[in-house]
Amino acid sequence: MKSNRGGTIVSMQLSKVYEPSEYESDIYALWEQSGVFAADPESHKERFSISMPPPNETGTLSLGHALFLTLQDIMARYQRQQGKDVLWLPGTDHAALAVNAIMEKKLSNEGTTKHHIGRDAFLERTREFVGESRGTMLGQMRAMGASCDWSRLRYTLDEALNRCVTETFVKMYEAGVIYRGHRIVNWDPNLETNVSDDEVSYEEEQGKFYTFRYGPFEIGTARPETKFGDKYVVMHPDDERYSQYTHGDTLSVEWINGPIHATIIKDAAVDPSFGTGVMTITPWHSLVDFDIAERHGLDKEQIIDFHGKLLPIAGEFAGMEIAEARPKIVAKLKEKGLLVSIDDNYVHNVATNERGKGVIEPQVRLQWFVDVNTPAVEWKGKQRSLKEVMQLVIRDGDIEIMPKRFEKIYFHWIDNLRDWCISRQIWWGHRIPAWYRTDTDGTVETFVGLTPPADDESQGWNQWEQDPDTLDTWFSSALWTWSTLIDQELAADMNIPFEDVLKQSKDFQTYHPTSMMETGWDILFFWVARMILSTTFMTGEVPFQKVYLHGLIRAEDGKKMSKSRPESIIDPLDVIPKYGTDALRMALIMGVSPGNDQNWGWGKIEANRNFCNKIWNISRYTIDRVGELTELTKPEPTTDAEHWVLSNLQRTTEVISAHLDAYRFSEAYDTLYHFVWDEVADWYIEASKNEKGGTVLAYVLEQLLKLAHPFAPFVTETIWQVLPWTGTTVLAVQPWPIPVHADKKAAAHFEEIRSIVTESRALIRDLGLHKPHLYYTNVPFLGGNAELIARMSGLAGVQEVSDGAGLHLVTTSYRCWLDVDASIAEAHLERLAVQTNEQQQRLASLQARLRNENYVNHAPKEVVNETKAQVAETEATLARLQAEQHRFAEIGS
RNA sequence: GGGUUCUUAGCUCAGUUGGCUAGAGCGCAGCAUUCACAUUGCUGAGGUCACAGGUUCGAGCCCUGUAGGACCCACCA
């Protein structure tokens with residue numbers, strides 16, 4: 001029994017099957033206690049830093065979280081093993097809108113509302129709720145094996161982060177990048193807040209399209225209830241059908257509630273080919289209409305209130321909900337003879353809020369915006385707009401997005417980017433640092449600053465009031481990479497200017513810009529783009545050097561996992577106890593390429609559980625073999641198998657490293673999997689059973705554990721803790737394997753042995769042989785491996801003789817044969833004929849390639865030489881096949 | 001309307017800058033049985049890489065087009 005590192009007790013009597021749940025929590029505790037995940041800014045190592053995308057504190061972690069934790073953990077562990085100082089900074093997000101929606105629902109279930117209980121009580125309850133969620137979620141991150149630095153855990157509502165938010169708002173305001181104005185926003189009447197353009201999703205719906213008579217015109221609409229105030233008729237300036245009308249003409253038309261004084265507007269935004277080419281506009285409730293109204297300085301009038309009810313302008317319909325009012329309005333227009341037609345098959349897009357699923361009603365509101373078009377930022381020596389900076393950092397290569405194709409998508413999004421509406425009418429979040437007061441003459445004064453303005457005591461009636469709104473949750477997340485790195489104590493001292501806080505924050509100076517941002521492509525715009533926007537503005541640095549985007553995990557049937565189909569949702573916490581975290585981690589990266597979605601599959605989970613068990617049993621075998629080995633010295637390979645495995649270990653290490661360096665996780669893992677299973681377990685371990693000693697065996701296991709550690713940290717560390725020679729060390733910080741010398745010739749001999757064994761097995765099976773002998777002539781290296789070959793192939797024996805006859809192997813150039821009787825001749829000849837045919841076809845195609853002068857002249861020399869070697873090899877195989885056919889043709893006849 | 005992406009074995013998917021006889025997992029067929037592991041081993045079957053052109057000595061990979069699927073952005077009153 002070896003025990004006790006960090007409380008971990010492990011038995012030498014390892015169970016036959018790896019039981020992850022027996023070890024995982026102890027192993028994680030060992031890591032935490034040993035402090036191996038803590039970054040050290042004082043060290044002189046190369047840095048690797050990565051900010052964890054903070055999960056929303058809304059409850060529990062999903063498979064999507066499991067995926068990003070796995071990918072980031074692989075990077076962090078690999079870089080740590082490369083000897084770098086790694087900072088993986090964890091955190092959580094207050095998720096303003098999402099949490100707010102949950103809380104309002106809770107209150108509603110209790111029969112109350114936030115307005116009833118008041119702002120303070122609401123915030124108190126919310127804090128309680130997210131506190132519980134956070135505890136659960138941090139535990140789940142540990143369960144996934146996340147090797148993050150818990151001493152630097154951050155939260156978007158931390159004091160220091162709050163300061164960053166306020167500082168950013170104020171600096172942007174002072175630079176003229178943030179402004180307050182009346183603009184069309186996406187208003188959600190359910191949640192009673194506006195949301196940004198990105199949070200709106202459109203769903204197709206079949207509806208009615210109405211055409212009404214409006215004076216001399218016919219106008220179309222899907223929303224008659226917005227049309228009460230329509231007094232502008234808009235048409236394209238080049239539309240010849242309406243050339244008799246001039247911009248600014250007025251006319252009187254009969255409309256829903258009586259005559260309207262209408263004005264002609266000519267604007268190119270109108271599509272002459274749609275409908276009649278004429279429309280009336282509702283600037284208060286449509287973005288396009290609003291833009292037209294702005295261009296021509298037209299009046300804007302609100303028709304629908306913020307609860308979704310019609311205002312007094314609707315006359316007899318005032319106070320009605322839209323759904324109720326619409327048919328009544330249409331009926332009235334029909335009665336007045338103004339209804340021309342109704343198209344029942346009109347498909348239009350209905351805007352809904354992704355969070356609350358409420359139908360969005362565009363409204364004009366006085367809100368705060370981030371201006372993305374005004375050149376207000378100094379970037380690389382020039383005044384730029386935020387939009388330009390966002391484009392430049394990618395174009396200049398300051399930030400690389402993987403996979404590359406997302407750069408195009410990113411540019412496309414930026415091209416369409418409008419000002420970002422950042423104020424929200426909810427209570428949970430960062431309150432906007434703006435205060436207002438109304439002067440005696442009725443003008444409103446605005447104050448924006450880090451601290452509240454002082455009230456003028458002499459005017460008790462005239463006090464400052466803070467803006468009741470909070471900021472879009474992405475406004476604070478956008479600061480994540482650096483707001484998490486500033487010194488918490490310095491930031492608490494408001495006397496220290498913010499620039500100095502940044503300058504004096506060791507972590508910020510050491511780890512920013514971060515090396516990597518790993519996240520899902522679905523928040524490229526919400527988050528990644530906003531981080532670039534805010535971080536370049538505030539720090540003059542990019543937030544990260546690389547962006548790796550992973551895909552979504554869908555249900556087994558390829559559809560989205562969705563709350564409406566609870567059975568489709570897989571909870572990582574259901575998977576882990578049964579299959580182990582390592583199996584889950586590897587299933588999530590196996591056969592997956594960046595940016596592509598993947599389907600959940602229980603098959604992959606099982607395959608990877610089995611893989612963990614394979615590693616486990618290789619270890620059991622090795623431990624059993626080496627006994628109480630207390631020190632592992634440099635391995636000195638003696639047998640062909642040892643040279644072979646060490647040379648393959650070296651090759652595998654190089655390939656895995658190259659893949660991981662290029663963030664090709666799936667390929668790296670695939671390489672590891674096949675080395676461990678197909679090479680170590682199936683060949684080297686088998687070969688070792690014929691050997692004594694075990695230094696190389698122990699060495700190979702040790703290196704294998706290091707290579708597998710980033711992928712399967714728990715099982716590898718568990719084994720490491722059991723190994724008799726590893727002392728009190730922790731695998732998580734062991735250096736990546738370094739090459740050892742292996743003899744190429746000896747390794748090649750073992751390759752020959754593999755050929756001989758494989759062919760013998762196939763022959764025995766195909767020809768129904770029963771424990772034949774293998775004889776050979778003049779193959780020095782076979783002698784030492786005779787027993788091994790016999791055992792692995794199921795042979796009666798392997799012996800050297802001076803000469804003899806039998807069934808000759810054809811995959812090896814060495815002369816060896818099985819003793820057989822004449823009865824198999826026919827079957828053997830048939831088999832040979834098939835093989836000969838294959839080889840002839842191959843030879844023909846290779847020769848044709850070499851006859852092509854263009855190929856020989858144009859292709860790289862190595863490629864041509866390779867072809868020549870293949871020809872020689874194929875010819876040799878063919879010669880053996882033919883000789884064998886000759887011999888057996890005689891026996892057969 | 002603009003854009004991205006996918007189509008490779010029965011299923012789910014890899015395939016790095018164009019270059020060995022295109023791979024994996026699962027599934028399938030047959031054989032093996034307690035010697036690290038049945039969460040096992042061995043042997044094998046199975047693919048005109050959606051289709052049609054083009055570039056190239058050479059195309060699953062590059063270009064053009066076609067068909068079908070998925071998604072993103074914009075959004076027409």
# chains A, B, ... in the order shown; residues from 1 in each chain; ligands from 1
call {"tool": "interface_residues", "arguments": {"of": "chain B", "to": "chain A", "cutoff": "7 Å", "atoms": "only C-alpha atoms (C1' of nucleotides)", "output": "ChimeraX atom specification"}}
result
/B:4,13-14,19,25-26,36-37,39,43,57,73,76-77
call {"tool": "atom_distance", "arguments": {"atom1": "CA of Trp720 (chain A)", "atom2": "C1' of U40 (chain B)"}}
result
24.0 Å
call {"tool": "residues_around", "arguments": {"residues": "Thr168 (chain A)", "least_positions_apart": "6", "cutoff": "12 Å", "atoms": "only C-alpha atoms (C1' of nucleotides)", "output": "ChimeraX atom specification"}}
result
/A:161-162,174-175,177-178,370,432-433,448-450,471,475-476,478-479,482-483,498-499,533-539
call {"tool": "residues_around", "arguments": {"residues": "Leu881 (chain A)", "least_positions_apart": "3", "cutoff": "12 Å", "atoms": "only C-alpha atoms (C1' of nucleotides)", "output": "short mmCIF file (atom, residue, chain, number, x, y, z; two decimals) with all heavy atoms, in the first residue's frame"}}
result
data_model
loop_
_atom_site.label_atom_id
_atom_site.label_comp_id
_atom_site.auth_asym_id
_atom_site.auth_seq_id
_atom_site.Cartn_x
_atom_site.Cartn_y
_atom_site.Cartn_z
N LEU A 807 4.84 -23.59 -46.85
CA LEU A 807 4.08 -22.44 -47.30
C LEU A 807 4.87 -21.18 -46.93
O LEU A 807 5.01 -20.83 -45.77
CB LEU A 807 2.72 -22.48 -46.59
CG LEU A 807 1.62 -21.55 -47.07
CD1 LEU A 807 0.30 -22.02 -46.49
CD2 LEU A 807 1.89 -20.13 -46.70
N HIS A 808 5.40 -20.51 -47.94
CA HIS A 808 6.27 -19.36 -47.68
C HIS A 808 5.46 -18.09 -47.44
O HIS A 808 4.49 -17.82 -48.14
CB HIS A 808 7.22 -19.15 -48.85
CG HIS A 808 8.34 -20.12 -48.86
ND1 HIS A 808 8.17 -21.45 -49.15
CD2 HIS A 808 9.67 -19.95 -48.60
CE1 HIS A 808 9.31 -22.08 -49.08
NE2 HIS A 808 10.25 -21.20 -48.74
N LEU A 809 5.92 -17.35 -46.45
CA LEU A 809 5.30 -16.05 -46.21
C LEU A 809 5.72 -15.09 -47.32
O LEU A 809 6.84 -15.15 -47.80
CB LEU A 809 5.75 -15.49 -44.86
CG LEU A 809 5.48 -16.38 -43.64
CD1 LEU A 809 5.75 -15.60 -42.35
CD2 LEU A 809 4.04 -16.89 -43.63
N VAL A 810 4.83 -14.24 -47.72
CA VAL A 810 5.15 -13.34 -48.83
C VAL A 810 5.24 -11.87 -48.43
O VAL A 810 5.69 -11.03 -49.20
CB VAL A 810 4.11 -13.47 -49.97
CG1 VAL A 810 4.16 -14.85 -50.58
CG2 VAL A 810 2.71 -13.14 -49.48
N THR A 811 4.80 -11.52 -47.21
CA THR A 811 4.88 -10.11 -46.84
C THR A 811 6.25 -9.74 -46.30
O THR A 811 6.55 -8.56 -46.11
CB THR A 811 3.83 -9.75 -45.77
OG1 THR A 811 4.03 -10.58 -44.63
CG2 THR A 811 2.42 -9.94 -46.30
N THR A 812 7.08 -10.71 -46.03
CA THR A 812 8.42 -10.40 -45.56
C THR A 812 9.43 -10.84 -46.61
O THR A 812 9.21 -11.82 -47.33
CB THR A 812 8.73 -11.09 -44.21
OG1 THR A 812 10.09 -10.85 -43.88
CG2 THR A 812 8.49 -12.58 -44.29
N SER A 813 10.50 -10.11 -46.69
CA SER A 813 11.52 -10.47 -47.68
C SER A 813 12.42 -11.59 -47.14
O SER A 813 13.23 -12.14 -47.86
CB SER A 813 12.36 -9.25 -48.04
OG SER A 813 12.93 -8.71 -46.89
N HIS A 828 -4.74 -22.32 -50.83
CA HIS A 828 -3.59 -21.43 -50.80
C HIS A 828 -3.39 -20.76 -52.16
O HIS A 828 -3.16 -19.55 -52.25
CB HIS A 828 -2.34 -22.23 -50.41
CG HIS A 828 -1.11 -21.38 -50.26
ND1 HIS A 828 -1.10 -20.13 -49.71
CD2 HIS A 828 0.18 -21.64 -50.63
CE1 HIS A 828 0.12 -19.63 -49.72
NE2 HIS A 828 0.93 -20.53 -50.29
N LEU A 829 -3.50 -21.57 -53.20
CA LEU A 829 -3.33 -21.03 -54.55
C LEU A 829 -4.38 -19.96 -54.86
O LEU A 829 -4.10 -18.94 -55.46
CB LEU A 829 -3.42 -22.16 -55.59
CG LEU A 829 -2.13 -22.96 -55.76
CD1 LEU A 829 -2.38 -24.21 -56.60
CD2 LEU A 829 -1.04 -22.11 -56.39
N GLU A 830 -5.56 -20.20 -54.38
CA GLU A 830 -6.63 -19.23 -54.60
C GLU A 830 -6.28 -17.90 -53.92
O GLU A 830 -6.43 -16.83 -54.48
CB GLU A 830 -7.91 -19.79 -53.98
CG GLU A 830 -9.17 -19.47 -54.76
CD GLU A 830 -10.33 -20.26 -54.19
OE1 GLU A 830 -10.47 -21.47 -54.50
OE2 GLU A 830 -11.06 -19.66 -53.37
N ARG A 831 -5.82 -18.04 -52.71
CA ARG A 831 -5.44 -16.87 -51.92
C ARG A 831 -4.30 -16.12 -52.62
O ARG A 831 -4.31 -14.89 -52.71
CB ARG A 831 -4.97 -17.37 -50.55
CG ARG A 831 -5.11 -16.38 -49.44
CD ARG A 831 -4.84 -17.05 -48.09
NE ARG A 831 -4.82 -16.06 -47.03
CZ ARG A 831 -3.75 -15.34 -46.73
NH1 ARG A 831 -2.63 -15.53 -47.39
NH2 ARG A 831 -3.81 -14.42 -45.78
N LEU A 832 -3.34 -16.89 -53.11
CA LEU A 832 -2.21 -16.28 -53.80
C LEU A 832 -2.66 -15.55 -55.07
O LEU A 832 -2.15 -14.48 -55.40
CB LEU A 832 -1.17 -17.35 -54.17
CG LEU A 832 -0.40 -17.96 -53.01
CD1 LEU A 832 0.44 -19.15 -53.50
CD2 LEU A 832 0.50 -16.92 -52.36
N ALA A 833 -3.61 -16.14 -55.76
CA ALA A 833 -4.10 -15.53 -56.99
C ALA A 833 -4.70 -14.16 -56.71
O ALA A 833 -4.46 -13.18 -57.42
CB ALA A 833 -5.12 -16.45 -57.65
N VAL A 834 -5.49 -14.09 -55.64
CA VAL A 834 -6.10 -12.81 -55.27
C VAL A 834 -5.01 -11.79 -54.96
O VAL A 834 -5.04 -10.64 -55.42
CB VAL A 834 -7.02 -13.00 -54.04
CG1 VAL A 834 -7.51 -11.66 -53.52
CG2 VAL A 834 -8.19 -13.90 -54.42
N GLN A 835 -4.04 -12.20 -54.17
CA GLN A 835 -2.96 -11.30 -53.79
C GLN A 835 -2.15 -10.85 -54.99
O GLN A 835 -1.79 -9.68 -55.11
CB GLN A 835 -2.04 -11.97 -52.77
CG GLN A 835 -2.68 -12.07 -51.39
CD GLN A 835 -1.78 -12.83 -50.42
OE1 GLN A 835 -1.30 -13.92 -50.72
NE2 GLN A 835 -1.54 -12.25 -49.27
N THR A 836 -1.89 -11.82 -55.88
CA THR A 836 -1.12 -11.50 -57.09
C THR A 836 -1.85 -10.46 -57.92
O THR A 836 -1.26 -9.48 -58.38
CB THR A 836 -0.89 -12.77 -57.93
OG1 THR A 836 -0.28 -13.76 -57.10
CG2 THR A 836 0.00 -12.47 -59.12
N ASN A 837 -3.10 -10.67 -58.06
CA ASN A 837 -3.91 -9.72 -58.83
C ASN A 837 -3.82 -8.31 -58.25
O ASN A 837 -3.61 -7.33 -58.96
CB ASN A 837 -5.36 -10.23 -58.84
CG ASN A 837 -6.20 -9.44 -59.82
OD1 ASN A 837 -5.68 -8.91 -60.79
ND2 ASN A 837 -7.49 -9.34 -59.53
N GLU A 838 -3.96 -8.22 -56.95
CA GLU A 838 -3.87 -6.92 -56.28
C GLU A 838 -2.53 -6.26 -56.54
O GLU A 838 -2.45 -5.08 -56.88
CB GLU A 838 -4.04 -7.09 -54.77
CG GLU A 838 -5.48 -7.19 -54.32
CD GLU A 838 -5.57 -7.60 -52.84
OE1 GLU A 838 -4.51 -7.59 -52.14
OE2 GLU A 838 -6.68 -7.93 -52.40
N GLN A 839 -1.49 -7.04 -56.37
CA GLN A 839 -0.15 -6.48 -56.53
C GLN A 839 0.13 -6.08 -57.96
O GLN A 839 0.81 -5.09 -58.22
CB GLN A 839 0.90 -7.50 -56.04
CG GLN A 839 0.84 -7.77 -54.54
CD GLN A 839 1.14 -6.53 -53.71
OE1 GLN A 839 2.06 -5.78 -54.01
NE2 GLN A 839 0.32 -6.27 -52.69
N GLN A 840 -0.38 -6.85 -58.89
CA GLN A 840 -0.17 -6.52 -60.30
C GLN A 840 -0.83 -5.20 -60.67
O GLN A 840 -0.27 -4.37 -61.37
CB GLN A 840 -0.68 -7.65 -61.20
CG GLN A 840 0.33 -8.78 -61.33
CD GLN A 840 -0.23 -10.01 -62.02
OE1 GLN A 840 -1.45 -10.19 -62.09
NE2 GLN A 840 0.66 -10.87 -62.52
N THR A 874 6.99 -3.64 -54.69
CA THR A 874 5.88 -4.40 -55.27
C THR A 874 6.40 -5.53 -56.14
O THR A 874 5.87 -6.64 -56.13
CB THR A 874 4.96 -3.47 -56.08
OG1 THR A 874 4.67 -2.33 -55.29
CG2 THR A 874 3.66 -4.17 -56.46
N GLU A 875 7.44 -5.23 -56.89
CA GLU A 875 8.03 -6.26 -57.74
C GLU A 875 8.55 -7.43 -56.91
O GLU A 875 8.37 -8.60 -57.25
CB GLU A 875 9.16 -5.67 -58.60
CG GLU A 875 8.61 -4.91 -59.81
CD GLU A 875 9.69 -4.15 -60.58
OE1 GLU A 875 10.79 -3.90 -59.99
OE2 GLU A 875 9.46 -3.81 -61.74
N ALA A 876 9.18 -7.08 -55.79
CA ALA A 876 9.72 -8.14 -54.93
C ALA A 876 8.59 -9.01 -54.37
O ALA A 876 8.68 -10.24 -54.35
CB ALA A 876 10.52 -7.51 -53.80
N THR A 877 7.55 -8.34 -53.92
CA THR A 877 6.40 -9.10 -53.40
C THR A 877 5.82 -10.00 -54.48
O THR A 877 5.51 -11.17 -54.24
CB THR A 877 5.32 -8.13 -52.88
OG1 THR A 877 5.91 -7.22 -51.96
CG2 THR A 877 4.18 -8.88 -52.21
N LEU A 878 5.70 -9.44 -55.68
CA LEU A 878 5.15 -10.22 -56.79
C LEU A 878 6.03 -11.43 -57.10
O LEU A 878 5.53 -12.53 -57.34
CB LEU A 878 5.04 -9.34 -58.03
CG LEU A 878 3.66 -8.72 -58.28
CD1 LEU A 878 3.73 -7.79 -59.47
CD2 LEU A 878 2.61 -9.80 -58.50
N GLU A 884 5.98 -18.75 -55.08
CA GLU A 884 5.14 -19.57 -54.22
C GLU A 884 4.08 -20.30 -55.05
O GLU A 884 3.79 -21.47 -54.83
CB GLU A 884 4.50 -18.66 -53.16
CG GLU A 884 3.67 -19.37 -52.13
CD GLU A 884 4.49 -20.20 -51.15
OE1 GLU A 884 5.73 -20.27 -51.32
OE2 GLU A 884 3.90 -20.79 -50.25
N GLN A 885 3.52 -19.59 -56.00
CA GLN A 885 2.52 -20.20 -56.87
C GLN A 885 3.12 -21.37 -57.64
O GLN A 885 2.49 -22.42 -57.80
CB GLN A 885 1.94 -19.16 -57.84
CG GLN A 885 0.74 -18.44 -57.28
CD GLN A 885 0.35 -17.23 -58.10
OE1 GLN A 885 1.22 -16.48 -58.55
NE2 GLN A 885 -0.92 -17.05 -58.31
N HIS A 886 4.34 -21.16 -58.13
CA HIS A 886 5.04 -22.22 -58.85
C HIS A 886 5.15 -23.47 -58.02
O HIS A 886 4.79 -24.55 -58.43
CB HIS A 886 6.45 -21.74 -59.22
CG HIS A 886 6.53 -21.29 -60.65
ND1 HIS A 886 5.68 -20.40 -61.20
CD2 HIS A 886 7.35 -21.63 -61.64
CE1 HIS A 886 5.97 -20.19 -62.45
NE2 HIS A 886 7.00 -20.95 -62.77
N ARG A 887 5.68 -23.27 -56.82
CA ARG A 887 5.90 -24.42 -55.95
C ARG A 887 4.61 -25.18 -55.71
O ARG A 887 4.55 -26.40 -55.77
CB ARG A 887 6.48 -23.96 -54.61
CG ARG A 887 7.97 -23.72 -54.64
CD ARG A 887 8.52 -23.57 -53.24
NE ARG A 887 8.03 -22.36 -52.58
CZ ARG A 887 8.66 -21.18 -52.64
NH1 ARG A 887 9.79 -21.07 -53.33
NH2 ARG A 887 8.18 -20.15 -52.04
N PHE A 888 3.53 -24.40 -55.44
CA PHE A 888 2.29 -25.09 -55.08
C PHE A 888 1.54 -25.64 -56.27
O PHE A 888 0.77 -26.58 -56.15
CB PHE A 888 1.41 -24.17 -54.23
CG PHE A 888 1.71 -24.33 -52.79
CD1 PHE A 888 2.79 -23.67 -52.22
CD2 PHE A 888 0.98 -25.22 -52.01
CE1 PHE A 888 3.11 -23.86 -50.90
CE2 PHE A 888 1.30 -25.40 -50.67
CZ PHE A 888 2.37 -24.72 -50.11
N ALA A 889 1.80 -25.03 -57.44
CA ALA A 889 1.20 -25.60 -58.64
C ALA A 889 1.73 -27.01 -58.83
O ALA A 889 0.99 -27.93 -59.21
CB ALA A 889 1.51 -24.73 -59.84
#
call {"tool": "atom_distance", "arguments": {"atom1": "CA of Ser15 (chain A)", "atom2": "CA of Thr633 (chain A)"}}
result
27.9 Å
call {"tool": "decode", "arguments": {"residues": "region 743-757 of chain A", "atoms": "N, CA, C and O atoms", "output": "PDB file, in the first residue's frame"}}
result
ATOM      1  N   ASP A 743      17.477   2.289 -31.710  1.00  0.00           N
ATOM      2  CA  ASP A 743      18.168   1.808 -32.898  1.00  0.00           C
ATOM      3  C   ASP A 743      17.168   1.530 -34.012  1.00  0.00           C
ATOM      4  O   ASP A 743      16.265   0.714 -33.867  1.00  0.00           O
ATOM      5  N   LYS A 744      17.349   2.225 -35.131  1.00  0.00           N
ATOM      6  CA  LYS A 744      16.387   2.133 -36.231  1.00  0.00           C
ATOM      7  C   LYS A 744      16.343   0.730 -36.825  1.00  0.00           C
ATOM      8  O   LYS A 744      15.286   0.234 -37.231  1.00  0.00           O
ATOM      9  N   LYS A 745      17.513   0.113 -36.864  1.00  0.00           N
ATOM     10  CA  LYS A 745      17.588  -1.201 -37.492  1.00  0.00           C
ATOM     11  C   LYS A 745      16.839  -2.241 -36.650  1.00  0.00           C
ATOM     12  O   LYS A 745      16.045  -3.040 -37.162  1.00  0.00           O
ATOM     13  N   ALA A 746      17.062  -2.166 -35.353  1.00  0.00           N
ATOM     14  CA  ALA A 746      16.373  -3.097 -34.472  1.00  0.00           C
ATOM     15  C   ALA A 746      14.863  -2.869 -34.546  1.00  0.00           C
ATOM     16  O   ALA A 746      14.069  -3.817 -34.554  1.00  0.00           O
ATOM     17  N   ALA A 747      14.485  -1.589 -34.616  1.00  0.00           N
ATOM     18  CA  ALA A 747      13.061  -1.268 -34.720  1.00  0.00           C
ATOM     19  C   ALA A 747      12.487  -1.868 -36.001  1.00  0.00           C
ATOM     20  O   ALA A 747      11.368  -2.396 -36.013  1.00  0.00           O
ATOM     21  N   ALA A 748      13.274  -1.784 -37.074  1.00  0.00           N
ATOM     22  CA  ALA A 748      12.815  -2.336 -38.354  1.00  0.00           C
ATOM     23  C   ALA A 748      12.646  -3.847 -38.263  1.00  0.00           C
ATOM     24  O   ALA A 748      11.734  -4.424 -38.857  1.00  0.00           O
ATOM     25  N   HIS A 749      13.524  -4.490 -37.496  1.00  0.00           N
ATOM     26  CA  HIS A 749      13.386  -5.932 -37.312  1.00  0.00           C
ATOM     27  C   HIS A 749      12.052  -6.274 -36.667  1.00  0.00           C
ATOM     28  O   HIS A 749      11.396  -7.242 -37.024  1.00  0.00           O
ATOM     29  N   PHE A 750      11.671  -5.436 -35.706  1.00  0.00           N
ATOM     30  CA  PHE A 750      10.406  -5.737 -35.047  1.00  0.00           C
ATOM     31  C   PHE A 750       9.241  -5.527 -36.004  1.00  0.00           C
ATOM     32  O   PHE A 750       8.230  -6.237 -35.924  1.00  0.00           O
ATOM     33  N   GLU A 751       9.386  -4.575 -36.911  1.00  0.00           N
ATOM     34  CA  GLU A 751       8.350  -4.401 -37.937  1.00  0.00           C
ATOM     35  C   GLU A 751       8.211  -5.684 -38.760  1.00  0.00           C
ATOM     36  O   GLU A 751       7.103  -6.105 -39.112  1.00  0.00           O
ATOM     37  N   GLU A 752       9.346  -6.315 -39.083  1.00  0.00           N
ATOM     38  CA  GLU A 752       9.319  -7.574 -39.826  1.00  0.00           C
ATOM     39  C   GLU A 752       8.590  -8.651 -39.028  1.00  0.00           C
ATOM     40  O   GLU A 752       7.789  -9.426 -39.557  1.00  0.00           O
ATOM     41  N   ILE A 753       8.873  -8.650 -37.739  1.00  0.00           N
ATOM     42  CA  ILE A 753       8.231  -9.641 -36.873  1.00  0.00           C
ATOM     43  C   ILE A 753       6.714  -9.445 -36.871  1.00  0.00           C
ATOM     44  O   ILE A 753       5.937 -10.391 -36.931  1.00  0.00           O
ATOM     45  N   ARG A 754       6.309  -8.170 -36.846  1.00  0.00           N
ATOM     46  CA  ARG A 754       4.870  -7.895 -36.889  1.00  0.00           C
ATOM     47  C   ARG A 754       4.261  -8.417 -38.185  1.00  0.00           C
ATOM     48  O   ARG A 754       3.182  -8.999 -38.184  1.00  0.00           O
ATOM     49  N   SER A 755       4.988  -8.233 -39.294  1.00  0.00           N
ATOM     50  CA  SER A 755       4.500  -8.751 -40.569  1.00  0.00           C
ATOM     51  C   SER A 755       4.350 -10.256 -40.516  1.00  0.00           C
ATOM     52  O   SER A 755       3.350 -10.824 -40.973  1.00  0.00           O
ATOM     53  N   ILE A 756       5.382 -10.890 -39.993  1.00  0.00           N
ATOM     54  CA  ILE A 756       5.373 -12.355 -39.943  1.00  0.00           C
ATOM     55  C   ILE A 756       4.214 -12.860 -39.090  1.00  0.00           C
ATOM     56  O   ILE A 756       3.477 -13.770 -39.476  1.00  0.00           O
ATOM     57  N   VAL A 757       4.025 -12.217 -37.944  1.00  0.00           N
ATOM     58  CA  VAL A 757       2.953 -12.655 -37.048  1.00  0.00           C
ATOM     59  C   VAL A 757       1.590 -12.428 -37.708  1.00  0.00           C
ATOM     60  O   VAL A 757       0.728 -13.313 -37.716  1.00  0.00           O
TER      61      VAL A 757
END
